[in-house]
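Visitor: My structure file coords.pdb, PDB, C-alpha atoms, is below:
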ATOM      1  CA  MET Q   2      14.483 -12.557   8.314
ATOM      2  CA  GLU Q   3      14.751 -15.665   6.185
ATOM      3  CA  PHE Q   4      12.525 -18.653   5.744
ATOM      4  CA  MET Q   5      14.485 -21.748   4.818
ATOM      5  CA  PRO Q   6      12.687 -24.642   3.199
ATOM      6  CA  GLU Q   7      13.060 -28.052   4.760
ATOM      7  CA  ILE Q   8      12.987 -29.855   1.480
ATOM      8  CA  ARG Q   9      15.365 -29.224  -1.358
ATOM      9  CA  ALA Q  10      15.091 -25.625  -2.498
ATOM     10  CA  ALA Q  11      12.831 -24.883  -5.433
ATOM     11  CA  GLY Q  12      14.210 -21.384  -5.676
ATOM     12  CA  THR Q  13      14.523 -18.079  -3.886
ATOM     13  CA  VAL Q  14      12.014 -15.321  -3.249
ATOM     14  CA  LEU Q  15      13.178 -11.844  -2.310
ATOM     15  CA  PHE Q  16      10.565  -9.685  -0.616
ATOM     16  CA  PHE Q  17      10.496  -5.900  -1.060
ATOM     17  CA  PRO Q  18       8.691  -4.342   1.932
ATOM     18  CA  ALA Q  19       6.042  -1.668   2.051
ATOM     19  CA  PHE Q  20       7.013   1.610   3.707
ATOM     20  CA  GLY Q  21       6.408   2.542   7.311
ATOM     21  CA  GLU Q  22       3.167   1.718   9.072
ATOM     22  CA  GLU Q  23       1.848  -0.230   6.088
ATOM     23  CA  MET Q  24       4.576  -2.798   6.617
ATOM     24  CA  ASN Q  25       3.807  -3.084  10.318
ATOM     25  CA  ARG Q  26       0.221  -3.924   9.595
ATOM     26  CA  ALA Q  27       1.091  -6.307   6.766
ATOM     27  CA  ARG Q  28       3.757  -8.196   8.665
ATOM     28  CA  LYS Q  29       1.626 -11.139   9.733
ATOM     29  CA  MET Q  30       0.190 -11.632   6.262
ATOM     30  CA  VAL Q  31       3.639 -11.483   4.729
ATOM     31  CA  SER Q  32       5.013 -14.014   7.234
ATOM     32  CA  ARG Q  33       2.114 -16.327   6.516
ATOM     33  CA  GLN Q  34       2.741 -16.160   2.800
ATOM     34  CA  ALA Q  35       6.465 -16.668   3.303
ATOM     35  CA  LYS Q  36       5.783 -19.810   5.307
ATOM     36  CA  THR Q  37       3.636 -21.299   2.563
ATOM     37  CA  MET Q  38       6.380 -20.480   0.086
ATOM     38  CA  ALA Q  39       8.959 -22.181   2.302
ATOM     39  CA  LEU Q  40       6.708 -25.225   2.541
ATOM     40  CA  SER Q  41       6.790 -25.349  -1.231
ATOM     41  CA  GLY Q  42      10.552 -25.404  -1.139
ATOM     42  CA  TYR Q  43      11.399 -21.711  -1.507
ATOM     43  CA  HIS Q  44      14.092 -19.864   0.362
ATOM     44  CA  VAL Q  45      12.341 -16.611   1.257
ATOM     45  CA  ILE Q  46      14.280 -13.501   2.200
ATOM     46  CA  ILE Q  47      12.323 -10.813   4.044
ATOM     47  CA  PRO Q  48      14.159  -7.631   4.921
ATOM     48  CA  ASP Q  49      12.404  -6.303   8.015
ATOM     49  CA  TYR Q  50      12.601  -2.696   7.016
ATOM     50  CA  TYR Q  51      14.375  -0.347   4.748
ATOM     51  CA  GLY Q  52      17.661   0.963   6.009
ATOM     52  CA  THR Q  53      17.871   4.353   7.608
ATOM     53  CA  GLY Q  54      20.713   5.486   5.426
ATOM     54  CA  ASP Q  55      23.343   5.531   8.107
ATOM     55  CA  SER Q  56      26.807   5.174   6.677
ATOM     56  CA  ALA Q  57      29.989   5.386   8.678
ATOM     57  CA  GLY Q  58      28.351   7.677  11.207
ATOM     58  CA  GLU Q  59      27.116  10.102   8.631
ATOM     59  CA  PHE Q  60      23.343  10.187   8.498
ATOM     60  CA  LEU Q  61      22.392  10.348   4.870
ATOM     61  CA  GLY Q  62      18.714  10.107   5.438
ATOM     62  CA  ALA Q  63      16.643   7.311   3.987
ATOM     63  CA  ARG Q  64      16.719   7.466   0.211
ATOM     64  CA  TRP Q  65      15.130   5.332  -2.431
ATOM     65  CA  LYS Q  66      18.584   4.722  -3.832
ATOM     66  CA  THR Q  67      20.021   3.600  -0.501
ATOM     67  CA  TRP Q  68      17.086   1.268  -0.085
ATOM     68  CA  LYS Q  69      17.905  -0.266  -3.444
ATOM     69  CA  ALA Q  70      21.513  -0.627  -2.407
ATOM     70  CA  ASP Q  71      20.370  -2.330   0.804
ATOM     71  CA  MET Q  72      18.437  -4.892  -1.211
ATOM     72  CA  GLU Q  73      21.477  -5.551  -3.353
ATOM     73  CA  VAL Q  74      23.630  -6.091  -0.262
ATOM     74  CA  ILE Q  75      21.045  -8.419   1.263
ATOM     75  CA  VAL Q  76      21.056 -10.619  -1.813
ATOM     76  CA  SER Q  77      24.823 -10.816  -1.858
ATOM     77  CA  GLU Q  78      24.944 -11.694   1.843
ATOM     78  CA  CYS Q  79      22.341 -14.436   1.774
ATOM     79  CA  SER Q  80      23.420 -17.681   0.263
ATOM     80  CA  VAL Q  81      21.294 -17.552  -2.835
ATOM     81  CA  ASP Q  82      21.643 -20.434  -5.250
ATOM     82  CA  PRO Q  83      22.194 -18.734  -8.623
ATOM     83  CA  MET Q  84      21.171 -21.864 -10.494
ATOM     84  CA  MET Q  85      17.679 -21.886  -9.061
ATOM     85  CA  PRO Q  86      14.698 -19.717 -10.019
ATOM     86  CA  PHE Q  87      14.704 -16.320  -8.349
ATOM     87  CA  TRP Q  88      11.560 -14.293  -7.739
ATOM     88  CA  PHE Q  89      10.863 -10.728  -6.679
ATOM     89  CA  TRP Q  90       7.833 -10.186  -4.447
ATOM     90  CA  GLY Q  91       6.908  -6.627  -3.549
ATOM     91  CA  LEU Q  92       4.187  -5.050  -1.453
ATOM     92  CA  ARG Q  93       2.926  -1.492  -2.117
ATOM     93  CA  LEU Q  94       5.939   0.798  -2.539
ATOM     94  CA  GLY Q  95       8.130  -2.307  -2.518
ATOM     95  CA  ALA Q  96       6.304  -3.553  -5.589
ATOM     96  CA  LEU Q  97       7.527  -0.469  -7.436
ATOM     97  CA  MET Q  98      11.092  -1.166  -6.427
ATOM     98  CA  THR Q  99      10.928  -4.652  -7.922
ATOM     99  CA  MET Q 100      10.487  -2.985 -11.298
ATOM    100  CA  ASP Q 101      13.115  -0.321 -10.864
ATOM    101  CA  ARG Q 102      15.624  -0.766 -13.654
ATOM    102  CA  GLY Q 103      18.320   0.732 -11.474
ATOM    103  CA  LEU Q 104      18.167  -2.262  -9.166
ATOM    104  CA  GLN Q 105      21.424  -4.131  -9.535
ATOM    105  CA  ILE Q 106      20.854  -7.639  -8.411
ATOM    106  CA  ALA Q 107      22.981 -10.240 -10.098
ATOM    107  CA  MET Q 108      20.238 -12.770 -10.530
ATOM    108  CA  ARG Q 109      17.584 -11.986 -13.045
ATOM    109  CA  PRO Q 110      14.174 -12.757 -11.631
ATOM    110  CA  GLU Q 111      12.016 -15.471 -13.077
ATOM    111  CA  GLY Q 112       9.073 -13.241 -12.383
ATOM    112  CA  ILE Q 113       7.749 -10.417 -10.273
ATOM    113  CA  ILE Q 114       4.866 -10.674  -7.830
ATOM    114  CA  ALA Q 115       3.422  -7.243  -7.175
ATOM    115  CA  TRP Q 116       0.948  -6.937  -4.336
ATOM    116  CA  SER Q 117      -1.149  -3.790  -4.697
ATOM    117  CA  PRO Q 118       1.561  -1.553  -6.091
ATOM    118  CA  VAL Q 119       1.350   2.121  -5.237
ATOM    119  CA  LEU Q 120      -0.051   3.601  -8.442
ATOM    120  CA  ALA Q 121       1.164   7.160  -8.113
ATOM    121  CA  GLY Q 122       3.918   8.341  -5.801
ATOM    122  CA  LYS Q 123       2.475  11.866  -5.655
ATOM    123  CA  GLN Q 124      -0.872  10.655  -4.459
ATOM    124  CA  TYR Q 125       0.786   8.265  -2.038
ATOM    125  CA  VAL Q 126       2.828  11.036  -0.429
ATOM    126  CA  ASN Q 127      -0.332  13.109  -0.188
ATOM    127  CA  GLN Q 128      -1.948  10.274   1.692
ATOM    128  CA  LEU Q 129       1.026  10.034   4.032
ATOM    129  CA  LEU Q 130       0.783  13.732   4.755
ATOM    130  CA  ARG Q 131      -2.953  13.458   5.303
ATOM    131  CA  MET Q 132      -2.287  10.671   7.747
ATOM    132  CA  ARG Q 133      -0.032  12.952   9.745
ATOM    133  CA  VAL Q 134      -2.628  15.742   9.701
ATOM    134  CA  MET Q 135      -5.252  13.228  10.777
ATOM    135  CA  ALA Q 136      -3.158  11.793  13.588
ATOM    136  CA  ASN Q 137      -2.496  15.301  14.787
ATOM    137  CA  MET Q 138      -6.173  16.079  14.766
ATOM    138  CA  LEU Q 139      -7.183  12.847  16.484
ATOM    139  CA  ALA Q 140      -4.642  13.499  19.183
ATOM    140  CA  GLY Q 141      -6.560  16.674  19.881
ATOM    141  CA  SER Q 142      -3.564  18.812  19.106
ATOM    142  CA  LYS Q 143      -4.119  22.508  19.655
ATOM    143  CA  ILE Q 144      -1.578  23.275  16.963
ATOM    144  CA  PRO Q 145      -3.330  23.041  13.633
ATOM    145  CA  GLU Q 146      -1.247  21.579  10.863
ATOM    146  CA  THR Q 147      -2.146  21.542   7.205
ATOM    147  CA  ILE Q 148      -0.772  19.640   4.277
ATOM    148  CA  SER Q 149       0.566  22.932   2.914
ATOM    149  CA  ASP Q 150       2.509  23.427   6.140
ATOM    150  CA  LEU Q 151       4.056  19.995   5.791
ATOM    151  CA  ARG Q 152       4.914  20.471   2.137
ATOM    152  CA  ALA Q 153       6.616  23.733   3.004
ATOM    153  CA  LEU Q 154       8.749  21.893   5.554
ATOM    154  CA  LEU Q 155       9.761  19.352   2.960
ATOM    155  CA  GLU Q 156      10.565  22.066   0.500
ATOM    156  CA  PHE Q 157      12.884  23.641   3.050
ATOM    157  CA  GLY Q 158      14.729  20.354   3.257
ATOM    158  CA  GLN Q 159      13.187  19.293   6.532
ATOM    159  CA  ALA Q 160      11.948  15.817   7.237
ATOM    160  CA  VAL Q 161       8.368  15.120   8.294
ATOM    161  CA  GLU Q 162       7.600  12.409  10.814
ATOM    162  CA  ILE Q 163       4.627  10.237   9.987
ATOM    163  CA  GLY Q 164       3.505   7.605  12.448
ATOM    164  CA  GLY Q 165       7.019   7.016  13.716
ATOM    165  CA  TYR Q 166       8.601   6.949  10.285
ATOM    166  CA  GLU Q 167      10.543   9.732   8.712
ATOM    167  CA  LEU Q 168       9.819  11.148   5.310
ATOM    168  CA  GLY Q 169      12.850  13.150   4.303
ATOM    169  CA  SER Q 170      12.881  15.845   1.698
ATOM    170  CA  ALA Q 171      14.927  13.880  -0.829
ATOM    171  CA  LEU Q 172      12.980  10.667  -0.277
ATOM    172  CA  ASN Q 173       9.755  12.610  -0.710
ATOM    173  CA  GLU Q 174      10.915  13.830  -4.081
ATOM    174  CA  GLU Q 175      12.040  10.387  -5.163
ATOM    175  CA  ILE Q 176       8.708   8.830  -4.241
ATOM    176  CA  GLU Q 177       6.696  11.599  -5.856
ATOM    177  CA  ASN Q 178       8.419  10.838  -9.141
ATOM    178  CA  LEU Q 179       7.371   7.210  -9.068
ATOM    179  CA  ALA Q 180       4.383   5.923 -10.996
ATOM    180  CA  PHE Q 181       3.484   2.289 -11.588
ATOM    181  CA  GLU Q 182       2.379   3.092 -15.101
ATOM    182  CA  ASP Q 183       5.772   4.592 -15.964
ATOM    183  CA  LEU Q 184       7.486   1.473 -14.681
ATOM    184  CA  LEU Q 185       5.181  -0.689 -16.776
ATOM    185  CA  GLU Q 186       5.894   1.486 -19.788
ATOM    186  CA  ASP Q 187       9.631   1.004 -19.301
ATOM    187  CA  ASN Q 188       9.278  -2.685 -18.718
ATOM    188  CA  SER Q 189      10.506  -4.665 -21.692
ATOM    189  CA  GLY Q 190       8.219  -7.591 -21.000
ATOM    190  CA  GLU Q 191      11.083 -10.008 -20.521
ATOM    191  CA  ILE Q 192      10.242 -10.525 -16.890
ATOM    192  CA  PRO Q 193       6.654 -11.669 -16.282
ATOM    193  CA  ILE Q 194       4.788  -9.420 -13.894
ATOM    194  CA  HIS Q 195       1.995 -10.793 -11.720
ATOM    195  CA  TRP Q 196      -0.064  -7.936 -10.376
ATOM    196  CA  PHE Q 197      -2.409  -8.715  -7.477
ATOM    197  CA  GLU Q 198      -5.194  -6.531  -6.103
ATOM    198  CA  LEU Q 199      -7.650  -7.158  -3.296
ATOM    199  CA  ILE Q 200     -11.368  -6.911  -3.937
ATOM    200  CA  SER Q 201     -14.199  -6.773  -1.420
ATOM    201  CA  GLU Q 202     -16.184  -9.742  -2.705
ATOM    202  CA  PRO Q 203     -16.077 -12.234  -5.581
ATOM    203  CA  GLY Q 204     -16.758 -10.516  -8.867
ATOM    204  CA  ALA Q 205     -16.219  -7.015  -7.483
ATOM    205  CA  GLN Q 206     -14.511  -4.546  -9.777
ATOM    206  CA  PRO Q 207     -11.219  -3.012  -8.696
ATOM    207  CA  SER Q 208     -11.113   0.788  -8.783
ATOM    208  CA  PRO Q 209     -11.348   2.533 -12.167
ATOM    209  CA  ALA Q 210      -7.712   3.617 -11.890
ATOM    210  CA  ILE Q 211      -6.540   0.034 -11.449
ATOM    211  CA  THR Q 212      -8.811  -1.318 -14.146
ATOM    212  CA  ARG Q 213      -7.575   1.252 -16.645
ATOM    213  CA  ILE Q 214      -3.919   0.386 -16.127
ATOM    214  CA  ALA Q 215      -4.549  -3.354 -16.019
ATOM    215  CA  GLU Q 216      -6.344  -3.158 -19.342
ATOM    216  CA  LYS Q 217      -3.780  -0.871 -20.940
ATOM    217  CA  TYR Q 218      -0.897  -3.200 -20.123
ATOM    218  CA  GLY Q 219      -2.916  -6.377 -20.421
ATOM    219  CA  ARG Q 220      -0.454  -8.000 -22.768
ATOM    220  CA  GLN Q 221       2.589  -7.419 -20.563
ATOM    221  CA  ILE Q 222       1.213  -8.372 -17.223
ATOM    222  CA  GLU Q 223      -0.955 -10.973 -15.588
ATOM    223  CA  PHE Q 224      -3.566  -9.299 -13.456
ATOM    224  CA  HIS Q 225      -5.075 -11.240 -10.556
ATOM    225  CA  THR Q 226      -7.621 -10.369  -7.930
ATOM    226  CA  ALA Q 227      -8.206 -11.941  -4.543
ATOM    227  CA  VAL Q 228     -10.983 -11.365  -2.058
ATOM    228  CA  GLY Q 229      -9.819  -9.740   1.128
ATOM    229  CA  PRO Q 230      -9.147  -6.507   2.996
ATOM    230  CA  ASP Q 231      -6.299  -4.098   2.358
ATOM    231  CA  PHE Q 232      -4.328  -5.775   5.111
ATOM    232  CA  TRP Q 233      -1.562  -3.150   5.128
ATOM    233  CA  ALA Q 234      -4.138  -0.542   6.107
ATOM    234  CA  THR Q 235      -6.594  -2.168   8.505
ATOM    235  CA  ALA Q 236      -6.380  -1.303  12.183
ATOM    236  CA  GLU Q 237      -6.815  -4.915  13.175
ATOM    237  CA  ILE Q 238      -4.543  -7.543  11.726
ATOM    238  CA  THR Q 239      -6.307  -9.013   8.740
ATOM    239  CA  MET Q 240      -5.465 -11.626   6.156
ATOM    240  CA  SER Q 241      -6.547 -12.782   2.767
ATOM    241  CA  GLU Q 242      -6.446 -16.541   2.376
ATOM    242  CA  GLU Q 243      -7.265 -16.248  -1.283
ATOM    243  CA  LEU Q 244      -4.305 -13.989  -1.917
ATOM    244  CA  ILE Q 245      -2.015 -16.483  -0.232
ATOM    245  CA  ALA Q 246      -3.387 -19.332  -2.317
ATOM    246  CA  ASN Q 247      -3.327 -17.383  -5.586
ATOM    247  CA  THR Q 248       0.216 -16.189  -4.975
ATOM    248  CA  ILE Q 249       1.628 -19.615  -4.193
ATOM    249  CA  ASP Q 250      -0.054 -20.910  -7.359
ATOM    250  CA  ILE Q 251       2.154 -18.587  -9.384
ATOM    251  CA  LEU Q 252       5.279 -20.172  -7.969
ATOM    252  CA  ARG Q 253       4.212 -23.762  -8.439
TER     253      ARG Q 253
ATOM    254  CA  MET K  23     -39.605   7.434   1.159
ATOM    255  CA  SER K  24     -37.006   5.672  -0.932
ATOM    256  CA  PRO K  25     -33.550   5.289   0.639
ATOM    257  CA  ASP K  26     -30.976   7.907  -0.324
ATOM    258  CA  PRO K  27     -28.470   6.389  -2.787
ATOM    259  CA  VAL K  28     -25.632   8.655  -1.649
ATOM    260  CA  PHE K  29     -26.167   7.552   1.939
ATOM    261  CA  GLN K  30     -26.237   3.906   0.880
ATOM    262  CA  GLN K  31     -23.064   4.210  -1.144
ATOM    263  CA  VAL K  32     -21.275   6.080   1.623
ATOM    264  CA  VAL K  33     -22.246   3.340   4.069
ATOM    265  CA  ALA K  34     -21.053   0.666   1.624
ATOM    266  CA  SER K  35     -17.741   2.463   1.148
ATOM    267  CA  ILE K  36     -17.166   3.052   4.877
ATOM    268  CA  SER K  37     -18.152  -0.518   5.597
ATOM    269  CA  HIS K  38     -15.614  -1.896   3.146
ATOM    270  CA  SER K  39     -12.851   0.417   4.300
ATOM    271  CA  LEU K  40     -13.413  -0.431   7.962
ATOM    272  CA  GLN K  41     -14.383  -4.061   7.416
ATOM    273  CA  LEU K  42     -17.586  -3.556   9.398
ATOM    274  CA  GLY K  43     -19.382  -6.546   7.907
ATOM    275  CA  GLU K  44     -22.834  -6.953   9.391
ATOM    276  CA  ARG K  45     -22.421  -3.867  11.565
ATOM    277  CA  SER K  46     -22.933  -1.726   8.479
ATOM    278  CA  ALA K  47     -26.662  -2.408   8.725
ATOM    279  CA  GLN K  48     -26.665  -0.441  11.992
ATOM    280  CA  LEU K  49     -25.305   2.744  10.426
ATOM    281  CA  SER K  50     -27.706   5.651  10.201
ATOM    282  CA  LEU K  51     -27.211   9.348   9.485
ATOM    283  CA  ASP K  52     -26.914   9.976  13.219
ATOM    284  CA  THR K  53     -24.323   7.307  13.868
ATOM    285  CA  ARG K  54     -21.280   8.853  15.505
ATOM    286  CA  LEU K  55     -17.988   7.979  13.892
ATOM    287  CA  LEU K  56     -14.844   9.616  15.235
ATOM    288  CA  GLY K  57     -14.142   8.434  18.722
ATOM    289  CA  HIS K  58     -17.003   5.969  18.603
ATOM    290  CA  ILE K  59     -15.715   3.365  16.222
ATOM    291  CA  PRO K  60     -12.583   1.665  17.527
ATOM    292  CA  GLU K  61     -11.345   0.841  14.039
ATOM    293  CA  LEU K  62     -11.268   4.498  13.126
ATOM    294  CA  ASP K  63      -7.653   5.491  13.716
ATOM    295  CA  SER K  64      -5.705   7.898  11.493
ATOM    296  CA  MET K  65      -4.827   5.233   8.965
ATOM    297  CA  ALA K  66      -8.450   4.098   8.869
ATOM    298  CA  VAL K  67      -9.741   7.638   8.343
ATOM    299  CA  LEU K  68      -7.363   7.844   5.421
ATOM    300  CA  THR K  69      -8.679   4.559   4.060
ATOM    301  CA  VAL K  70     -12.240   5.839   4.364
ATOM    302  CA  ILE K  71     -11.345   9.099   2.598
ATOM    303  CA  THR K  72      -9.480   7.331  -0.181
ATOM    304  CA  GLY K  73     -12.312   4.836  -0.542
ATOM    305  CA  LEU K  74     -14.882   7.611  -0.886
ATOM    306  CA  GLU K  75     -12.702   9.499  -3.365
ATOM    307  CA  GLU K  76     -12.301   6.441  -5.536
ATOM    308  CA  HIS K  77     -15.904   5.352  -5.297
ATOM    309  CA  PHE K  78     -17.422   8.738  -6.139
ATOM    310  CA  ALA K  79     -14.521   9.901  -8.350
ATOM    311  CA  ILE K  80     -14.133  13.055  -6.289
ATOM    312  CA  THR K  81     -11.216  14.720  -4.549
ATOM    313  CA  PHE K  82     -11.470  16.147  -1.091
ATOM    314  CA  ASP K  83      -9.807  19.435  -0.300
ATOM    315  CA  GLU K  84      -7.458  19.774   2.612
ATOM    316  CA  ASP K  85     -10.115  21.839   4.366
ATOM    317  CA  ASP K  86     -12.680  19.077   3.995
ATOM    318  CA  ILE K  87     -10.837  16.753   6.309
ATOM    319  CA  THR K  88     -11.879  17.937   9.731
ATOM    320  CA  ALA K  89     -12.990  16.294  12.941
ATOM    321  CA  GLU K  90     -16.427  17.716  12.203
ATOM    322  CA  SER K  91     -16.771  15.935   8.865
ATOM    323  CA  PHE K  92     -16.160  12.678  10.630
ATOM    324  CA  GLU K  93     -18.389  13.333  13.596
ATOM    325  CA  THR K  94     -21.367  11.493  12.157
ATOM    326  CA  VAL K  95     -22.242   9.473   9.079
ATOM    327  CA  GLY K  96     -24.618  12.273   8.139
ATOM    328  CA  ASN K  97     -21.817  14.836   8.127
ATOM    329  CA  LEU K  98     -19.770  12.619   5.866
ATOM    330  CA  VAL K  99     -22.692  12.128   3.522
ATOM    331  CA  ASP K 100     -23.168  15.910   3.334
ATOM    332  CA  LEU K 101     -19.500  16.369   2.526
ATOM    333  CA  VAL K 102     -19.631  13.774  -0.235
ATOM    334  CA  ARG K 103     -22.805  15.282  -1.649
ATOM    335  CA  CYS K 104     -21.074  18.661  -1.716
ATOM    336  CA  ARG K 105     -18.166  17.305  -3.737
ATOM    337  CA  VAL K 106     -20.290  15.265  -6.078
ATOM    338  CA  ASP K 107     -22.409  18.256  -7.086
TER     339      ASP K 107
END
Represent the structure of the file as structure tokens.

Guide:
Amino acid sequence: MEFMPEIRAAGTVLFFPAFGEEMNRARKMVSRQAKTMALSGYHVIIPDYYGTGDSAGEFLGARWKTWKADMEVIVSECSVDPMMPFWFWGLRLGALMTMDRGLQIAMRPEGIIAWSPVLAGKQYVNQLLRMRVMANMLAGSKIPETISDLRALLEFGQAVEIGGYELGSALNEEIENLAFEDLLEDNSGEIPIHWFELISEPGAQPSPAITRIAEKYGRQIEFHTAVGPDFWATAEITMSEELIANTIDILR
Amino acid sequence: MSPDPVFQQVVASISHSLQLGERSAQLSLDTRLLGHIPELDSMAVLTVITGLEEHFAITFDEDDITAESFETVGNLVDLVRCRVD
């Protein structure tokens, strides 16, 4: 999906999606933001989902590395003006990919906009597995399923289905090895990083984990907060007007 | 009798996670959760759990996450109190 500006392009924004159900729930918010960016003259590229890893009939299984390759292909296929500013904009797991040094996109980004990056891949996978256990329980399943059971499946090389999305064994391992802090540590500081987090009300403190990292890397990054719900997680579609406004301010 | 701070914080955390707004004032120990709050789907339960973990700086065990723990606000408060102590 692409949003083309009506007026002369001010640049390009490439969006890196969240994984699975989070992206479903965030879709409206992301579209809204993309529209405001387009109104400001930006060509916004929004991949709808990460590829499934199919290649010439051979199912490779979704992998972090194939997702990166997909992003690279998308950039090469869209008519991106290499003379204009180019931005990366990532949500959750996508925010981590924006900082992955293995990403081979010809244009160097002017800056990175990271919306609530996943802090620790291990913890994130744990949450995904919990979600599956929870869904199972809520469905009144007679077959009890524990996180240990699911981890054993992954260890045996089997994929685990979570809310309609597949977590394969290899992908699981790749994600578990990701940590936002590590990516910040590796970051040379050449590309400005704008890290956004949602807070419940004006003046509220983000979680201790977030605060610690934001303070530790204070010189490399610009940390912003915006009032609003975690829109990628709420059951009802929610938005944060402040996040939209604060994000577009970065581009202007 | 002064209000129980753990109860109040649990209500605040649940309220934020589920975006209950003014409805949070209606929550009491007896309030039924699972199956009675439409917003409480599997993703939302996760959000509530994560919110409580972050707020109280605790970690729930696998065994803690049961339908029973989420039956009422009171049950959840008991669970949190268990992990905090």

Visitor: Could you name the residues that touch Ser117 (chain Q) at 10 Å or less, counting only C-alpha atoms, but leaving out those on the same chain fewer than 2 positions away, as a VMD selection string?

Guide: chain Q and resid 91 to 97 114 to 115 119 to 120 196 to 199 211 226 231 233

Visitor: Just the selected residues (C-alpha atoms), exported as an mmCIF file, keeping the file's coordinate frame, please.

Guide:
data_model
loop_
_atom_site.group_PDB
_atom_site.id
_atom_site.type_symbol
_atom_site.label_atom_id
_atom_site.label_comp_id
_atom_site.auth_asym_id
_atom_site.auth_seq_id
_atom_site.Cartn_x
_atom_site.Cartn_y
_atom_site.Cartn_z
ATOM 1 C CA GLY Q 91 6.908 -6.627 -3.549
ATOM 2 C CA LEU Q 92 4.187 -5.050 -1.453
ATOM 3 C CA ARG Q 93 2.926 -1.492 -2.117
ATOM 4 C CA LEU Q 94 5.939 0.798 -2.539
ATOM 5 C CA GLY Q 95 8.130 -2.307 -2.518
ATOM 6 C CA ALA Q 96 6.304 -3.553 -5.589
ATOM 7 C CA LEU Q 97 7.527 -0.469 -7.436
ATOM 8 C CA ILE Q 114 4.866 -10.674 -7.830
ATOM 9 C CA ALA Q 115 3.422 -7.243 -7.175
ATOM 10 C CA VAL Q 119 1.350 2.121 -5.237
ATOM 11 C CA LEU Q 120 -0.051 3.601 -8.442
ATOM 12 C CA TRP Q 196 -0.064 -7.936 -10.376
ATOM 13 C CA PHE Q 197 -2.409 -8.715 -7.477
ATOM 14 C CA GLU Q 198 -5.194 -6.531 -6.103
ATOM 15 C CA LEU Q 199 -7.650 -7.158 -3.296
ATOM 16 C CA ILE Q 211 -6.540 0.034 -11.449
ATOM 17 C CA THR Q 226 -7.621 -10.369 -7.930
ATOM 18 C CA ASP Q 231 -6.299 -4.098 2.358
ATOM 19 C CA TRP Q 233 -1.562 -3.150 5.128
#

Visitor: Calculate, to one decimal in Å, the centre and edge lengths of the box along x, y and z of the file that holds all listed atoms of region 73-91 of chain K with 3 Å of margin on each side, and present them as JSON.

Guide:
{"center_x": -12.4, "center_y": 13.3, "center_z": 2.3, "size_x": 16.0, "size_y": 23.0, "size_z": 27.3}

Visitor: What is the CA of His44 (chain Q)-CA of Leu244 (chain Q) distance in Å, reported with one decimal?

Guide: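 Result for CA of His44 (chain Q) versus CA of Leu244 (chain Q): 19.4 Å, one decimal.
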
Visitor: As an NGL selection string, please: the residues near Leu49 (chain K) (cut-off 8 Å, only C-alpha atoms, same-chain neighbours under 3 positions excluded).

Guide: :K and (33 or 45-46 or 52-53 or 95)

Visitor: Do you know which residues lie at most 12 Å from (-16.3, 7.9, 17.4), with coordinates as in the file and all atoms listed in the file counted, and could you write them as a list of chain:residue names?

Guide: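 Checked against the point, the hits come out as Q:Leu139, K:Asp52, K:Thr53, K:Arg54, K:Leu55, K:Leu56, K:Gly57, K:His58, K:Ile59, K:Pro60, K:Glu61, K:Leu62, K:Asp63, K:Val67, K:Ala89, K:Glu90, K:Ser91, K:Phe92, K:Glu93, K:Thr94, K:Val95.
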
Visitor: Quick one: which chain K residues come within 10 Å of chain Q, and what is the nearest atom pair for each with the distance in Å to one decimal, counting all atoms listed in the file, rows ordered by chain and ascending number, as CSV?

Guide:
residue,atom,partner,partner_atom,distance
K:His38,CA,Q:Ser201,CA,6.8
K:Ser39,CA,Q:Pro230,CA,8.0
K:Leu40,CA,Q:Thr235,CA,7.1
K:Gln41,CA,Q:Pro230,CA,7.3
K:Leu56,CA,Q:Leu139,CA,8.4
K:Gly57,CA,Q:Leu139,CA,8.5
K:Pro60,CA,Q:Ala236,CA,8.7
K:Glu61,CA,Q:Ala236,CA,5.7
K:Leu62,CA,Q:Ala236,CA,7.6
K:Asp63,CA,Q:Ala236,CA,7.1
K:Ser64,CA,Q:Ala136,CA,5.1
K:Met65,CA,Q:Met132,CA,6.1
K:Ala66,CA,Q:Thr235,CA,6.5
K:Val67,CA,Q:Met135,CA,7.6
K:Leu68,CA,Q:Met132,CA,6.3
K:Thr69,CA,Q:Ala234,CA,7.1
K:Ile71,CA,Q:Gln128,CA,9.5
K:Thr72,CA,Q:Gln128,CA,8.3
K:Gly73,CA,Q:Ser208,CA,9.3
K:Glu76,CA,Q:Ser208,CA,6.6
K:His77,CA,Q:Ser208,CA,7.5
K:Ala79,CA,Q:Pro209,CA,8.9
K:Glu84,CA,Q:Ile148,CA,6.9
K:Asp85,CA,Q:Thr147,CA,8.5
K:Ile87,CA,Q:Met135,CA,8.0
K:Thr88,CA,Q:Met138,CA,7.8
K:Ala89,CA,Q:Met138,CA,7.1

Visitor: Could you check the closest approach to Pro48 (chain Q) for each of Q:Gly219, Q:Gly12, Q:Pro6, Q:Pro18 and tell me which residue wins, using all atoms listed in the file?

Guide: Q:Pro18

Visitor: With all atoms listed in the file as the atoms that count, which of Q:Val14, Q:Met72, Q:Ile222, Q:Val45 lies nearest to Ser189 (chain Q)?

Guide: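 Smallest separation from Ser189 (chain Q) among the options: Q:Ile222.
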
Visitor: Run through the PyMOL selection byres ((chain Q and resi 99) around 12) on the given coordinates and return the selected residues as a PyMOL selection string.

Guide: chain Q and resi 14-19+68-69+72-73+88-98+100-106+109-110+112-116+118+181+184-185+188+192-196

Visitor: Measuring between all atoms listed in the file, which one of Q:Asn127, Q:Ile8, Q:Val228, Q:Ile46 shows the shortest distance to Glu78 (chain Q)?

Guide: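 Checking each of Q:Asn127, Q:Ile8, Q:Val228, Q:Ile46 against Glu78 (chain Q), counting all atoms listed in the file, the winner is Q:Ile46.
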